[in-house]
file model.csv (CSV, C-alpha atoms)
chain,number,residue,atom,x,y,z
A,1,MET,CA,0.0,0.0,0.0
A,2,PHE,CA,2.9,2.4,0.6
A,3,ASP,CA,4.5,2.1,-2.9
A,4,ARG,CA,2.7,5.2,-4.1
A,5,PHE,CA,3.7,7.2,-1.0
A,6,THR,CA,6.4,10.0,-1.5
A,7,ASP,CA,9.5,9.7,0.6
A,8,GLU,CA,8.2,12.4,3.0
A,9,ALA,CA,4.9,10.6,3.4
A,10,ARG,CA,6.7,7.4,4.2
A,11,GLN,CA,8.8,9.1,6.7
A,12,VAL,CA,5.7,10.4,8.4
A,13,ILE,CA,4.4,6.8,8.8
A,14,VAL,CA,7.8,5.8,10.3
A,15,ASP,CA,7.6,8.8,12.7
A,16,ALA,CA,4.0,7.9,13.7
A,17,HIS,CA,5.4,4.6,14.7
A,18,GLU,CA,7.9,6.3,17.0
A,19,VAL,CA,5.2,8.6,18.4
A,20,ALA,CA,3.1,5.6,19.3
A,21,ARG,CA,6.1,4.2,21.2
A,22,GLU,CA,6.9,7.5,22.9
A,23,LEU,CA,3.3,7.9,24.1
A,24,ARG,CA,2.9,4.2,24.9
A,25,SER,CA,-0.2,4.2,22.7
A,26,GLY,CA,0.1,0.5,21.9
A,27,SER,CA,-1.1,1.2,18.4
A,28,ILE,CA,-0.8,3.8,15.7
A,29,GLY,CA,-4.1,5.8,15.5
A,30,THR,CA,-5.0,8.9,13.7
A,31,GLY,CA,-3.8,10.9,16.7
A,32,GLU,CA,-0.3,9.5,16.3
A,33,LEU,CA,-0.4,10.2,12.6
A,34,LEU,CA,-1.5,13.7,13.3
A,35,VAL,CA,1.5,14.3,15.7
A,36,ALA,CA,3.9,13.0,13.1
A,37,LEU,CA,2.4,15.2,10.4
A,38,LEU,CA,2.7,18.3,12.7
A,39,ASP,CA,6.3,17.4,13.6
A,40,HIS,CA,7.0,17.3,9.9
A,41,ALA,CA,5.1,20.4,9.0
A,42,ALA,CA,7.8,23.0,9.8
A,43,ALA,CA,10.1,21.6,7.2
A,44,ASP,CA,7.4,21.0,4.5
A,45,VAL,CA,6.1,23.8,2.3
A,46,TRP,CA,3.0,21.9,1.4
A,47,LEU,CA,1.9,21.7,5.0
A,48,ALA,CA,3.5,24.8,6.5
A,49,GLU,CA,1.4,27.2,4.5
A,50,PRO,CA,-2.1,25.7,5.0
A,51,LEU,CA,-1.3,25.1,8.7
A,52,GLY,CA,-1.0,28.9,8.9
A,53,ALA,CA,-4.8,29.0,8.7
A,54,LEU,CA,-4.9,27.5,12.2
A,55,GLY,CA,-3.2,30.5,13.7
A,56,VAL,CA,-1.0,28.5,16.0
A,57,GLY,CA,2.5,27.2,15.2
A,58,ALA,CA,2.9,23.5,14.3
A,59,THR,CA,5.4,22.8,17.1
A,60,ASP,CA,3.0,24.1,19.7
A,61,LEU,CA,0.1,22.1,18.1
A,62,ALA,CA,2.2,18.9,18.1
A,63,ALA,CA,2.9,19.4,21.8
A,64,GLY,CA,-0.8,20.1,22.5
A,65,VAL,CA,-1.9,17.0,20.6
A,66,ARG,CA,0.7,14.9,22.4
A,67,GLN,CA,-0.7,16.1,25.7
A,68,ALA,CA,-4.3,15.5,24.6
A,69,ILE,CA,-3.4,11.9,23.7
A,70,LEU,CA,-1.7,11.3,27.0
A,71,ALA,CA,-4.7,12.8,28.9
A,72,GLY,CA,-7.2,10.4,27.4
A,73,ASP,CA,-6.3,7.1,28.8
A,74,GLY,CA,-7.7,5.0,25.9
A,75,LEU,CA,-10.1,2.9,27.9
A,76,ASP,CA,-13.5,2.5,26.4
A,77,ALA,CA,-16.0,3.1,29.2
A,78,PRO,CA,-19.2,2.7,27.2
A,79,ALA,CA,-18.1,-0.6,25.7
A,80,LEU,CA,-17.1,-1.9,29.1
A,81,ALA,CA,-20.5,-0.8,30.4
A,82,SER,CA,-22.1,-2.9,27.8
A,83,LEU,CA,-20.6,-5.9,29.5
A,84,GLY,CA,-21.7,-4.7,32.9
A,85,ILE,CA,-18.3,-3.3,33.9
A,86,ASP,CA,-18.2,0.0,35.7
A,87,LEU,CA,-14.9,1.5,34.6
A,88,ALA,CA,-15.2,4.3,37.2
A,89,ALA,CA,-15.4,1.7,39.9
A,90,VAL,CA,-12.4,-0.2,38.5
A,91,ARG,CA,-10.5,3.0,38.3
A,92,ARG,CA,-11.3,3.9,42.0
A,93,LYS,CA,-10.1,0.5,43.1
A,94,ALA,CA,-6.9,0.7,41.0
A,95,ASP,CA,-6.2,4.2,42.4
A,96,ALA,CA,-6.5,2.8,45.9
A,97,VAL,CA,-4.3,-0.2,45.4
A,98,PHE,CA,-1.7,1.0,42.9
A,99,GLY,CA,-1.7,4.8,43.4
A,100,LYS,CA,-3.6,7.6,41.7
A,101,GLY,CA,-3.8,7.4,37.9
A,102,ALA,CA,-2.3,3.9,37.9
A,103,LEU,CA,-4.7,2.5,35.2
A,104,GLY,CA,-3.7,5.3,32.8
A,105,SER,CA,0.0,4.9,33.5
A,106,ALA,CA,-0.2,1.1,32.8
A,107,ARG,CA,-1.1,1.9,29.2
A,108,GLY,CA,1.0,0.1,26.6
A,109,ARG,CA,3.6,-1.0,29.2
A,110,ALA,CA,3.5,-4.7,28.2
A,111,VAL,CA,3.4,-4.1,24.5
A,112,GLY,CA,6.3,-5.8,22.7
A,113,GLY,CA,7.8,-5.0,19.3
A,114,HIS,CA,4.8,-4.9,17.0
A,115,VAL,CA,2.8,-1.6,17.0
A,116,PRO,CA,-0.3,-2.1,14.7
A,117,PHE,CA,-2.4,0.5,13.0
A,118,THR,CA,-5.8,1.1,14.4
A,119,ALA,CA,-8.8,0.6,12.1
A,120,GLY,CA,-9.2,4.4,12.1
A,121,ALA,CA,-5.6,4.9,11.0
A,122,LYS,CA,-6.0,2.3,8.2
A,123,GLN,CA,-9.1,4.0,7.0
A,124,SER,CA,-7.3,7.4,7.0
A,125,LEU,CA,-4.5,5.9,4.8
A,126,GLU,CA,-7.2,4.7,2.4
A,127,LEU,CA,-8.8,8.1,2.4
A,128,ALA,CA,-5.3,9.7,1.7
A,129,LEU,CA,-5.2,7.4,-1.4
A,130,ARG,CA,-8.6,8.6,-2.5
A,131,GLU,CA,-7.7,12.3,-1.8
A,132,ALA,CA,-4.6,11.9,-4.0
A,133,SER,CA,-6.8,10.5,-6.8
A,134,ALA,CA,-9.4,13.2,-6.4
A,135,LEU,CA,-6.6,15.9,-6.6
A,136,ARG,CA,-5.2,14.1,-9.6
A,137,SER,CA,-1.9,13.5,-8.0
A,138,GLY,CA,0.0,10.3,-9.0
A,139,ALA,CA,1.8,10.1,-5.6
A,140,ILE,CA,0.4,10.2,-2.1
A,141,ASP,CA,2.2,13.0,-0.2
A,142,VAL,CA,1.9,14.6,3.2
A,143,ARG,CA,-1.0,16.8,2.2
A,144,HIS,CA,-3.1,13.8,1.2
A,145,LEU,CA,-2.1,12.1,4.5
A,146,MET,CA,-3.2,15.2,6.5
A,147,LEU,CA,-6.6,15.2,4.6
A,148,GLY,CA,-7.1,11.5,5.2
A,149,VAL,CA,-6.3,12.0,8.9
A,150,LEU,CA,-8.6,15.0,9.3
A,151,ASP,CA,-11.5,13.2,7.5
A,152,GLY,CA,-11.2,10.0,9.4
A,153,LYS,CA,-14.5,8.6,10.4
A,154,ASP,CA,-13.7,8.2,14.1
A,155,GLY,CA,-13.1,11.9,14.3
A,156,THR,CA,-10.2,11.4,16.8
A,157,ALA,CA,-7.6,13.6,15.0
A,158,ARG,CA,-10.1,16.4,14.4
A,159,GLU,CA,-11.0,16.4,18.1
A,160,LEU,CA,-7.4,16.3,19.2
A,161,LEU,CA,-6.5,19.1,16.9
A,162,GLY,CA,-9.4,21.1,18.2
A,163,GLN,CA,-8.3,20.5,21.8
A,164,ALA,CA,-4.7,21.5,21.0
A,165,LEU,CA,-6.0,24.7,19.4
A,166,LEU,CA,-8.1,25.6,22.5
A,167,THR,CA,-5.3,24.9,25.0
A,168,SER,CA,-2.7,26.7,22.9
A,169,GLY,CA,-3.4,29.9,24.8
A,170,GLU,CA,-3.7,31.8,21.5
A,171,ALA,CA,-6.2,34.6,21.9
A,172,GLY,CA,-9.2,34.5,19.6
A,173,VAL,CA,-9.4,30.7,19.1
A,174,THR,CA,-13.1,30.2,19.9
A,175,ASP,CA,-14.2,27.9,17.2
A,176,PRO,CA,-11.5,25.4,16.5
A,177,ASP,CA,-13.8,23.5,14.1
A,178,GLN,CA,-13.9,26.5,11.8
A,179,ARG,CA,-10.1,26.7,11.7
A,180,VAL,CA,-9.8,23.0,10.9
A,181,ASP,CA,-12.3,23.5,8.1
A,182,ALA,CA,-10.2,26.3,6.7
A,183,LEU,CA,-7.1,24.2,6.9
A,184,ARG,CA,-9.0,21.4,5.0
A,185,ARG,CA,-10.0,23.8,2.3
A,186,LEU,CA,-6.5,25.1,1.8
A,187,LEU,CA,-5.1,21.6,1.6
A,188,THR,CA,-7.5,20.7,-1.2
A,189,GLN,CA,-6.9,24.0,-3.1
A,190,LEU,CA,-3.1,23.5,-3.4
A,191,ARG,CA,-1.9,22.5,-6.8
A,192,PRO,CA,-0.5,19.0,-7.2
A,193,ALA,CA,3.3,18.9,-7.0
A,194,GLY,CA,5.1,18.6,-10.2
B,1,MET,CA,-21.4,8.5,28.8
B,2,GLU,CA,-23.8,6.2,26.9
B,3,ASP,CA,-26.4,4.4,28.9
B,4,GLY,CA,-25.1,1.0,30.0
B,5,ASP,CA,-28.5,-0.8,29.7
B,6,GLU,CA,-29.0,0.5,26.2
B,7,LEU,CA,-25.5,-0.7,25.2
B,8,ALA,CA,-26.2,-4.1,26.8
B,9,ASP,CA,-29.3,-4.3,24.6
B,10,GLU,CA,-27.1,-3.6,21.6
B,11,ALA,CA,-24.8,-6.3,22.6
B,12,ALA,CA,-27.8,-8.7,22.9
B,13,GLY,CA,-28.8,-7.5,19.5
B,14,GLU,CA,-25.7,-9.4,18.3
B,15,ASP,CA,-24.2,-6.5,16.3
B,16,PRO,CA,-20.6,-7.8,15.8
B,17,ALA,CA,-19.2,-4.2,15.7
B,18,GLU,CA,-20.5,-3.5,19.2
B,19,GLY,CA,-19.6,-7.0,20.5
B,20,LEU,CA,-16.0,-6.8,19.1
B,21,ARG,CA,-15.6,-3.3,20.5
B,22,ALA,CA,-16.5,-4.6,23.9
B,23,VAL,CA,-14.0,-7.5,23.6
B,24,ARG,CA,-11.3,-5.1,22.7
B,25,ALA,CA,-12.1,-2.8,25.6
B,26,LEU,CA,-12.1,-5.7,28.0
B,27,ARG,CA,-8.7,-7.0,26.7
B,28,GLU,CA,-7.2,-3.5,27.1
B,29,LEU,CA,-8.5,-3.3,30.6
B,30,ALA,CA,-7.3,-6.8,31.5
B,31,GLU,CA,-3.8,-6.1,30.0
B,32,ARG,CA,-3.4,-3.0,32.2
B,33,LEU,CA,-4.6,-4.7,35.4
B,34,GLU,CA,-2.2,-7.5,34.6
B,35,VAL,CA,0.7,-5.0,34.3
B,36,LEU,CA,-0.2,-3.4,37.6
B,37,GLN,CA,-0.7,-6.6,39.5
B,38,VAL,CA,2.5,-8.3,38.2
B,39,HIS,CA,4.5,-5.2,39.0
B,40,ARG,CA,3.1,-5.1,42.5
B,41,ALA,CA,3.7,-8.9,43.0
B,42,ARG,CA,7.3,-8.4,42.0
B,43,GLU,CA,7.7,-5.6,44.5
B,44,LEU,CA,6.2,-7.8,47.2
B,45,GLY,CA,8.9,-10.4,46.4
B,46,TRP,CA,6.9,-12.9,44.3
B,47,SER,CA,8.9,-15.1,42.0
B,48,TRP,CA,8.1,-15.4,38.3
B,49,GLU,CA,7.1,-19.0,39.1
B,50,GLN,CA,4.4,-17.9,41.6
B,51,ILE,CA,3.1,-15.1,39.3
B,52,ALA,CA,2.9,-17.4,36.3
B,53,GLY,CA,1.1,-20.0,38.3
B,54,SER,CA,-1.5,-17.5,39.5
B,55,LEU,CA,-2.0,-16.2,35.9
B,56,GLY,CA,-2.3,-19.7,34.5
B,57,VAL,CA,0.6,-19.2,32.1
B,58,SER,CA,4.1,-20.7,31.8
B,59,ARG,CA,7.0,-19.1,33.8
B,60,GLN,CA,8.7,-18.2,30.4
B,61,ALA,CA,5.6,-16.5,29.1
B,62,ALA,CA,5.1,-14.4,32.2
B,63,HIS,CA,8.8,-13.4,32.3
B,64,LYS,CA,9.0,-12.6,28.6
B,65,LYS,CA,5.9,-10.4,28.7
B,66,HIS,CA,6.8,-8.5,31.9
B,67,ARG,CA,10.5,-8.6,32.4
B,68,ARG,CA,10.9,-5.0,31.5
B,69,LEU,CA,8.7,-3.9,34.5

call {"tool": "encode", "arguments": {"input": "model.csv", "output": "structure tokens"}}
result
Amino acid sequence: MFDRFTDEARQVIVDAHEVARELRSGSIGTGELLVALLDHAAADVWLAEPLGALGVGATDLAAGVRQAILAGDGLDAPALASLGIDLAAVRRKADAVFGKGALGSARGRAVGGHVPFTAGAKQSLELALREASALRSGAIDVRHLMLGVLDGKDGTARELLGQALLTSGEAGVTDPDQRVDALRRLLTQLRPAG
Amino acid sequence: MEDGDELADEAAGEDPAEGLRAVRALRELAERLEVLQVHRARELGWSWEQIAGSLGVSRQAAHKKHRRL
């Protein structure tokens, strides 16, 4: 699937892998892809310019998204409730026995070498492929990846980016969704490279 | 948070997507509790033999999975 990726886009995938390790995510989701893209943005003309629409620097945003990923502990309370498990109760018990926040800090600790893509991330990669075709680009580059990540059905990357915008401390960021939409528009308006 | 009973109904409705999501959530929770419990047991001086026995796995499997703790 990666044979049509540009070298830069491939590097983003490799970096997302590293981000997942760094954040102990246990898997590469759209959030980890987003962090890798933001890390990459400063050095990439195709991303740096559209990202200007967000009004906050890519480095600050990457830090914000990292924090947002770490803050959410990745446990699926509603799904556990469907089995009759009260996650809040388990959390209270874990806090009491192992110390506060123990359940969150145990995230991804036992994970070995393989870090898989989540279903959401896989879907975003497929979307990137489609975006590239729609924009009549032969190769899949970082712009297409960013579009695929932002349009992901699970909405994780969009939500994380919104949170990072709100916590950036930048005055006047009241509607992060609007800014993300503006970013999306700019990404699709760019001419294909070459 | 979504209503627990409602979700239980969905699970009973045999929608694989909901059922599989629940399995995944349960596995993640179990993994984390295992990490915390094994770590604590080691701190309390348990041997890998004892830990593996309680978990119902081989000593090698327990050690391989948790030795970095």

call {"tool": "residues_around", "arguments": {"input": "model.csv", "residues": "Ala132 in chain A", "least_positions_apart": "4", "cutoff": "9 Å", "atoms": "all atoms listed in the file", "output": "PDB file with C-alpha atoms, keeping the file's coordinate frame"}}
result
ATOM      1  CA  LEU A 127      -8.800   8.100   2.400  1.00  0.00           C
ATOM      2  CA  ALA A 128      -5.300   9.700   1.700  1.00  0.00           C
ATOM      3  CA  ARG A 136      -5.200  14.100  -9.600  1.00  0.00           C
ATOM      4  CA  SER A 137      -1.900  13.500  -8.000  1.00  0.00           C
ATOM      5  CA  GLY A 138       0.000  10.300  -9.000  1.00  0.00           C
ATOM      6  CA  ALA A 139       1.800  10.100  -5.600  1.00  0.00           C
ATOM      7  CA  ILE A 140       0.400  10.200  -2.100  1.00  0.00           C
ATOM      8  CA  ASP A 141       2.200  13.000  -0.200  1.00  0.00           C
ATOM      9  CA  ARG A 143      -1.000  16.800   2.200  1.00  0.00           C
ATOM     10  CA  HIS A 144      -3.100  13.800   1.200  1.00  0.00           C
ATOM     11  CA  LEU A 145      -2.100  12.100   4.500  1.00  0.00           C
ATOM     12  CA  PRO A 192      -0.500  19.000  -7.200  1.00  0.00           C
TER      13      PRO A 192
END

call {"tool": "residues_around", "arguments": {"input": "model.csv", "residues": "Leu75 in chain A", "least_positions_apart": "2", "cutoff": "10 Å", "atoms": "all atoms listed in the file", "output": "MDAnalysis selection string"}}
result
(chainID A and resid 72:73 77:80 87 103:104 107) or (chainID B and resid 24:26 28:29 32)

call {"tool": "residues_around", "arguments": {"input": "model.csv", "residues": "Leu47 in chain A", "least_positions_apart": "2", "cutoff": "9 Å", "atoms": "all atoms listed in the file", "output": "MDAnalysis selection string"}}
result
chainID A and resid 37:38 40:45 49:52 142:143 146 187

call {"tool": "atom_distance", "arguments": {"input": "model.csv", "atom1": "CA of Gln67 in chain A", "atom2": "CA of Asp86 in chain A"}}
result
25.8 Å

call {"tool": "closest_atom_pairs", "arguments": {"input": "model.csv", "of": "chain A", "to": "chain B", "cutoff": "12 Å", "atoms": "all atoms listed in the file", "output": "tab-separated table"}}
result
residue	atom	partner	partner_atom	distance
A:Ser25	CA	B:Glu28	CA	11.3
A:Gly26	CA	B:Glu28	CA	9.8
A:Ser27	CA	B:Glu28	CA	11.6
A:Asp73	CA	B:Glu28	CA	10.8
A:Gly74	CA	B:Glu28	CA	8.6
A:Leu75	CA	B:Ala25	CA	6.5
A:Asp76	CA	B:Ala25	CA	5.5
A:Ala77	CA	B:Met1	CA	7.6
A:Pro78	CA	B:Glu2	CA	5.8
A:Ala79	CA	B:Ala22	CA	4.7
A:Leu80	CA	B:Ala22	CA	5.9
A:Ala81	CA	B:Gly4	CA	5.0
A:Ser82	CA	B:Ala8	CA	4.4
A:Leu83	CA	B:Ala8	CA	6.5
A:Gly84	CA	B:Gly4	CA	7.2
A:Ile85	CA	B:Leu26	CA	8.9
A:Asp86	CA	B:Gly4	CA	9.0
A:Leu87	CA	B:Leu29	CA	8.9
A:Ala88	CA	B:Met1	CA	11.3
A:Val90	CA	B:Leu29	CA	9.3
A:Arg91	CA	B:Leu33	CA	10.1
A:Lys93	CA	B:Leu33	CA	10.8
A:Ala94	CA	B:Leu33	CA	8.1
A:Asp95	CA	B:Leu36	CA	10.8
A:Val97	CA	B:Arg40	CA	9.3
A:Phe98	CA	B:Leu36	CA	7.0
A:Gly99	CA	B:Leu36	CA	10.2
A:Gly101	CA	B:Leu36	CA	11.4
A:Ala102	CA	B:Leu36	CA	7.6
A:Leu103	CA	B:Arg32	CA	6.4
A:Gly104	CA	B:Arg32	CA	8.3
A:Ser105	CA	B:Arg32	CA	8.7
A:Ala106	CA	B:Arg32	CA	5.2
A:Arg107	CA	B:Arg32	CA	6.2
A:Gly108	CA	B:Arg32	CA	7.8
A:Arg109	CA	B:Val35	CA	7.1
A:Ala110	CA	B:Lys65	CA	6.2
A:Val111	CA	B:Lys65	CA	8.0
A:Gly112	CA	B:Lys65	CA	7.6
A:Gly113	CA	B:Lys65	CA	11.0
A:Thr118	CA	B:Arg24	CA	11.7
A:Ala119	CA	B:Arg21	CA	11.5

call {"tool": "closest_residue", "arguments": {"input": "model.csv", "among": "A:Ala182, A:Ala48, A:Met1, A:Ala20", "to": "Arg66 in chain A", "atoms": "only C-alpha atoms"}}
result
A:Ala20

call {"tool": "residues_around", "arguments": {"input": "model.csv", "residues": "Ile51 in chain B", "least_positions_apart": "4", "cutoff": "8 Å", "atoms": "only C-alpha atoms", "output": "list in words"}}
result
Val38, Ala41, Trp46, Ser47, Leu55, Arg59 and Ala62 of chain B

call {"tool": "closest_residue", "arguments": {"input": "model.csv", "among": "A:Leu129, A:Val180, A:Leu135, A:Leu161", "to": "Arg4 in chain A", "atoms": "all atoms listed in the file"}}
result
A:Leu129

call {"tool": "atom_distance", "arguments": {"input": "model.csv", "atom1": "CA of Val57 in chain B", "atom2": "CA of Arg27 in chain B"}}
result
16.3 Å

call {"tool": "atom_distance", "arguments": {"input": "model.csv", "atom1": "CA of Gly56 in chain B", "atom2": "CA of Leu44 in chain B"}}
result
19.4 Å

call {"tool": "closest_residue", "arguments": {"input": "model.csv", "among": "A:Leu34, A:Ile69, A:Val56, A:Leu23", "to": "Arg179 in chain A", "atoms": "only C-alpha atoms"}}
result
A:Val56

call {"tool": "closest_residue", "arguments": {"input": "model.csv", "among": "A:Trp46, A:Thr188, A:Phe117, A:His17", "to": "Ser133 in chain A", "atoms": "all atoms listed in the file"}}
result
A:Thr188

call {"tool": "residues_around", "arguments": {"input": "model.csv", "residues": "Thr156 in chain A", "least_positions_apart": "3", "cutoff": "7 Å", "atoms": "all atoms listed in the file", "output": "ChimeraX atom specification"}}
result
/A:30-31,159-160

call {"tool": "decode", "arguments": {"input": "model.csv", "residues": "range 24-42 of chain A", "atoms": "N, CA and C atoms", "output": "mmCIF file, in the first residue's frame"}}
result
data_model
loop_
_atom_site.group_PDB
_atom_site.id
_atom_site.type_symbol
_atom_site.label_atom_id
_atom_site.label_comp_id
_atom_site.auth_asym_id
_atom_site.auth_seq_id
_atom_site.Cartn_x
_atom_site.Cartn_y
_atom_site.Cartn_z
ATOM 1 N N ARG A 24 3.391 5.527 24.379
ATOM 2 C CA ARG A 24 2.906 4.223 24.861
ATOM 3 C C ARG A 24 1.463 3.978 24.451
ATOM 4 N N SER A 25 1.151 4.335 23.214
ATOM 5 C CA SER A 25 -0.225 4.193 22.744
ATOM 6 C C SER A 25 -0.593 2.733 22.511
ATOM 7 N N GLY A 26 0.399 1.899 22.208
ATOM 8 C CA GLY A 26 0.103 0.495 21.947
ATOM 9 C C GLY A 26 -0.319 0.257 20.507
ATOM 10 N N SER A 27 -0.732 1.327 19.801
ATOM 11 C CA SER A 27 -1.096 1.199 18.394
ATOM 12 C C SER A 27 -0.940 2.564 17.735
ATOM 13 N N ILE A 28 -0.894 2.559 16.397
ATOM 14 C CA ILE A 28 -0.806 3.820 15.667
ATOM 15 C C ILE A 28 -2.206 4.215 15.246
ATOM 16 N N GLY A 29 -2.730 5.260 15.863
ATOM 17 C CA GLY A 29 -4.059 5.758 15.508
ATOM 18 C C GLY A 29 -3.936 7.045 14.719
ATOM 19 N N THR A 30 -5.083 7.652 14.410
ATOM 20 C CA THR A 30 -5.049 8.907 13.661
ATOM 21 C C THR A 30 -4.363 10.003 14.485
ATOM 22 N N GLY A 31 -4.454 9.917 15.815
ATOM 23 C CA GLY A 31 -3.794 10.906 16.670
ATOM 24 C C GLY A 31 -2.284 10.867 16.517
ATOM 25 N N GLU A 32 -1.716 9.661 16.481
ATOM 26 C CA GLU A 32 -0.267 9.507 16.334
ATOM 27 C C GLU A 32 0.180 9.980 14.950
ATOM 28 N N LEU A 33 -0.654 9.680 13.929
ATOM 29 C CA LEU A 33 -0.351 10.168 12.582
ATOM 30 C C LEU A 33 -0.360 11.695 12.550
ATOM 31 N N LEU A 34 -1.339 12.274 13.242
ATOM 32 C CA LEU A 34 -1.454 13.733 13.281
ATOM 33 C C LEU A 34 -0.204 14.350 13.910
ATOM 34 N N VAL A 35 0.264 13.796 15.025
ATOM 35 C CA VAL A 35 1.472 14.315 15.687
ATOM 36 C C VAL A 35 2.660 14.251 14.729
ATOM 37 N N ALA A 36 2.810 13.120 14.043
ATOM 38 C CA ALA A 36 3.928 12.959 13.101
ATOM 39 C C ALA A 36 3.835 13.991 11.979
ATOM 40 N N LEU A 37 2.622 14.243 11.493
ATOM 41 C CA LEU A 37 2.432 15.238 10.432
ATOM 42 C C LEU A 37 2.785 16.640 10.930
ATOM 43 N N LEU A 38 2.368 16.955 12.152
ATOM 44 C CA LEU A 38 2.657 18.281 12.704
ATOM 45 C C LEU A 38 4.160 18.454 12.948
ATOM 46 N N ASP A 39 4.809 17.392 13.423
ATOM 47 C CA ASP A 39 6.269 17.432 13.619
ATOM 48 C C ASP A 39 6.980 17.725 12.300
ATOM 49 N N HIS A 40 6.408 17.183 11.249
ATOM 50 C CA HIS A 40 6.996 17.261 9.927
ATOM 51 C C HIS A 40 6.721 18.614 9.261
ATOM 52 N N ALA A 41 5.654 19.289 9.728
ATOM 53 C CA ALA A 41 5.092 20.436 9.014
ATOM 54 C C ALA A 41 6.070 21.592 8.815
ATOM 55 N N ALA A 42 6.875 21.874 9.841
ATOM 56 C CA ALA A 42 7.754 23.037 9.778
ATOM 57 C C ALA A 42 8.687 22.955 8.571
#
